[in-house]
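Q: I am attaching a structure below and will ask some questions about it afterwards.
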2 protein chains.
Amino acid sequence: MTTAESLSIGDVAERTGLSVHALRFYEREGLLVGPVHRTAGGRRRYTASDVDWLQICVKLRESGMPLADLKRFADLVRRGPGNEAERLRLLDDHRQRVEAQIEALEDCRSLIAWKVGVYAEHLARGSASGLWDPTSPGWL
Amino acid sequence: MTTAESLSIGDVAERTGLSVHALRFYEREGLLVGPVHRTAGGRRRYTASDVDWLQICVKLRESGMPLADLKRFADLVRRGPGNEAERLRLLDDHRQRVEAQIEALEDCRSLIAWKVGVYAEHLARGSASGLWDPTSPGWL
DNA sequence: CTACGAGCTAGAGCACGCTCTAGATCAAGT
DNA sequence: ACTTGATCTAGAGCGTGCTCTAGCTCGTAG
């Protein structure tokens with residue numbers, strides 16, 4: 001349940017798009033910066049900055065950062081000031097990987113788009129024979 | 001060994017970037033269009049169009065197409081003419097997913113780039129405190 | 001003729017990232 | 001008080017996509 005200052009695991013799941021299972025898993029794996037507080041009854045209570053951090057995690061995961069790197073990053077932040085250069089390196093390395101990935105995807109996109117275009121044209125003409133038919137020469 | 005018309009599994013591994021293990025695995029999974037020929041001694045002999053197809057597979061995999069879709073595609077091609085519309089649909093669906101993925105990555109990239117920029121600037125100034133420090137307000 | 005690297009099969013194993021289960025507890029509505 | 005739904009823990013299980021092993025065979029160079 002939502003109150004002014006703290007959110008249940010279900011609320012956080014809704015806000016981040018992660019499942020409650022994933023949230024508990026992330027916590028076990030040490031991917032959160034701070035310890036999650038608990039109610040008297042033992043239920044997790046998340047703060048707004050927990051959610052902020054998790055939303056960053058989601059973005060980094062979506063862009064392909066492995067959990068291990070996310071953990072290294074969380075560790076650095078948790079240890080506090082003094083390792084900013086290392087944090088920056090981690091992020092910047094990831095940025096480079098993301099850029100490479102975008103380029104690779106754009107390559108694939110143009111290959112596919114071209115193939116789709118050729119295909120559609122032949123279909124429109126009703127003359128699709130020979131396309132992707134490895135027994136005909138020049139099928140590519 | 002390479003001869004005019006046929007390649008060993010090792011050659012194909014080199015040309016496609018797939019491991020020999022992966023090549024045998026792909027074959028078992030029915031991801032190839034034609035059956036791979038064998039020498040008298042039972043060794044695989046690949047043709048140039050096998051390599052062409054595998055290179056397409058690699059591109060599609062790099063862009064995130066699951067093996068199951070690749071298999072559906074290979075099945076369609078193997079069955080020969082008459083299902084071009086279905087092939088086109090498969091490819092075009094994938095193209096759309098790739099485009100969505102590029103957009104998502106570009107989003108992530110700008111988030112990261114911004115964060116990296118802020119970080120680098122603060123580091124240059126020697127005033128990095130408060131960055132990603134969930135105990136300070138406005139740490140995002 | 002022999003050695004040695006490349007290839008063969010069947011099947012086990014692995015890394016990643018969750019996802020699900022069981023069985024119990026908590027908390028809120030009626 | 002009772003019911004109902006959310007949450008808890010510990011740990012097993014799973015989907016994807018390879019990767020590796022064991023034990024054997026092939027085939028080319030010397």
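For the structure tokens, the naming scheme is as follows: chains receive sequential letters (A, B, ...) according to their order of presentation, residues are indexed from 1 within each chain, and ligands are indexed from 1 in presentation order.
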Select all residues from chain A having any atom no more than 7 Å from an atom of chain B (counting only C-alpha atoms, ignoring ligands), output as a ChimeraX atom specification.

A: /A:49,59,63,77,81,88,91-92,95,98,102,105,108-109,112-113,116,119,129,132-134

Q: Counting only C-alpha atoms (C1' of nucleotides), collect the residues of chain D whose closest atom lies at most 10 Å from chain A, and write them out as a ChimeraX atom specification.

A: /D:6-8

Q: Considering only strand (DSSP E) as DSSP defines it on the backbone, what residues of chain A qualify? List them as a PDB file with C-alpha atoms, in the first residue's frame.

A:
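Output below, filename selection.pdb:
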```
ATOM      1  CA  HIS A  37      13.519  -1.012   5.144  1.00  0.00           C
ATOM      2  CA  ARG A  38      10.908  -3.307   6.615  1.00  0.00           C
ATOM      3  CA  ARG A  44       9.581  -4.306   2.419  1.00  0.00           C
ATOM      4  CA  ARG A  45       9.066  -0.546   2.280  1.00  0.00           C
TER       5      ARG A  45
END
```

Q: DT21 (chain C): which residues within 12 Å, counting only C-alpha atoms (C1' of nucleotides), same-chain residues fewer than 4 positions away excluded, as a PyMOL selection string?

A: chain D and resi 9-13

Q: Could those residues be written to a file, using N, CA and C atoms (P, O5', C5', C4', C3', O3' and C1' of nucleotides), as a short mmCIF file (atom, residue, chain, number, x, y, z; two decimals), in the first residue's frame?

A:
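File again-v6.cif, as written:
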```cif
data_model
loop_
_atom_site.label_atom_id
_atom_site.label_comp_id
_atom_site.auth_asym_id
_atom_site.auth_seq_id
_atom_site.Cartn_x
_atom_site.Cartn_y
_atom_site.Cartn_z
P DT D 9 11.84 -11.99 2.97
"O5'" DT D 9 12.07 -13.55 3.18
"C5'" DT D 9 11.99 -14.10 4.50
"C4'" DT D 9 12.28 -15.57 4.43
"C3'" DT D 9 13.53 -15.89 3.62
"O3'" DT D 9 14.40 -16.71 4.38
"C1'" DT D 9 11.64 -17.10 2.77
P DA D 10 15.89 -16.88 3.87
"O5'" DA D 10 15.85 -18.37 3.33
"C5'" DA D 10 14.95 -19.32 3.90
"C4'" DA D 10 14.93 -20.56 3.03
"C3'" DA D 10 16.21 -20.79 2.22
"O3'" DA D 10 16.58 -22.15 2.34
"C1'" DA D 10 14.32 -20.64 0.76
P DG D 11 17.93 -22.67 1.57
"O5'" DG D 11 17.35 -23.31 0.25
"C5'" DG D 11 16.15 -24.09 0.33
"C4'" DG D 11 15.57 -24.28 -1.03
"C3'" DG D 11 16.61 -24.58 -2.14
"O3'" DG D 11 16.11 -25.65 -2.91
"C1'" DG D 11 15.16 -22.94 -2.85
P DA D 12 17.10 -26.59 -3.74
"O5'" DA D 12 16.12 -27.30 -4.78
"C5'" DA D 12 14.75 -27.50 -4.43
"C4'" DA D 12 13.87 -27.18 -5.62
"C3'" DA D 12 14.41 -27.72 -6.94
"O3'" DA D 12 13.32 -28.37 -7.60
"C1'" DA D 12 13.97 -25.40 -7.15
P DG D 13 13.58 -29.06 -9.03
"O5'" DG D 13 13.11 -27.90 -10.04
"C5'" DG D 13 11.87 -27.23 -9.83
"C4'" DG D 13 11.58 -26.38 -11.06
"C3'" DG D 13 12.09 -27.01 -12.35
"O3'" DG D 13 11.09 -26.82 -13.32
"C1'" DG D 13 13.04 -24.85 -12.08
#
```

Q: List the neighbours of DC24 (chain D) out to 12 Å using only C-alpha atoms (C1' of nucleotides); skip same-chain residues closer than 5 positions along the sequence, and give me the result as a list of chain:residue names.

A: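 Selected residues are C:DG7, C:DC8, C:DT9.
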
Q: Please, which residues in chain C fall within 8 Å of chain A when counting only C-alpha atoms (C1' of nucleotides), and what is the closest atom pair and distance in Å to one decimal for each, ordered by chain then residue number, as CSV?

A:
```
residue,atom,partner,partner_atom,distance
C:DC18,C1',A:Ala22,CA,6.5
C:DT19,C1',A:His21,CA,7.2
C:DC26,C1',A:Gly41,CA,6.5
```

Q: Find the residues around DC4 (chain C) up to 12 Å (only C-alpha atoms (C1' of nucleotides) counted), leave out those fewer than 2 positions away in its own chain, and share them as a list in words.

A: DT2 and DA6 of chain C; DC26, DG27, DT28, DA29 and DG30 of chain D

Q: Would you put the residues from that selection into a file with C-alpha atoms (C1' of nucleotides), as a PDB file, in the first residue's frame?

A:
```pdb
ATOM      1  C1'  DT C   2      52.563 -43.137 -38.564  1.00  0.00           C
ATOM      2  C1'  DA C   6      40.267 -31.742 -37.704  1.00  0.00           C
TER       3       DA C   6
ATOM      4  C1'  DC D  26      39.321 -39.425 -40.991  1.00  0.00           C
ATOM      5  C1'  DG D  27      42.883 -37.843 -43.820  1.00  0.00           C
ATOM      6  C1'  DT D  28      46.996 -35.318 -44.962  1.00  0.00           C
ATOM      7  C1'  DA D  29      51.972 -34.216 -44.188  1.00  0.00           C
ATOM      8  C1'  DG D  30      56.323 -36.155 -43.376  1.00  0.00           C
TER       9       DG D  30
END
```

Q: Residues of chain A classed as helix (DSSP H, G or I) by DSSP on the backbone are to be reported as a PyMOL selection string.

A: chain A and resi 9-16+20-28+48-62+67-79+84-125

Q: Excluding same-chain residues fewer than 6 positions from region 10-15 of chain C, what lies within 9 Å of it counting only C-alpha atoms (C1' of nucleotides), as a list of chain:residue names?

A: D:DT19, D:DC20, D:DT21

Q: Between C1' of DG29 (chain C) and CA of Arg15 (chain A), what is the distance in Å, rounded to a tenth?

A: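 Pair C1' of DG29 (chain C) / CA of Arg15 (chain A) returns 25.4 Å.
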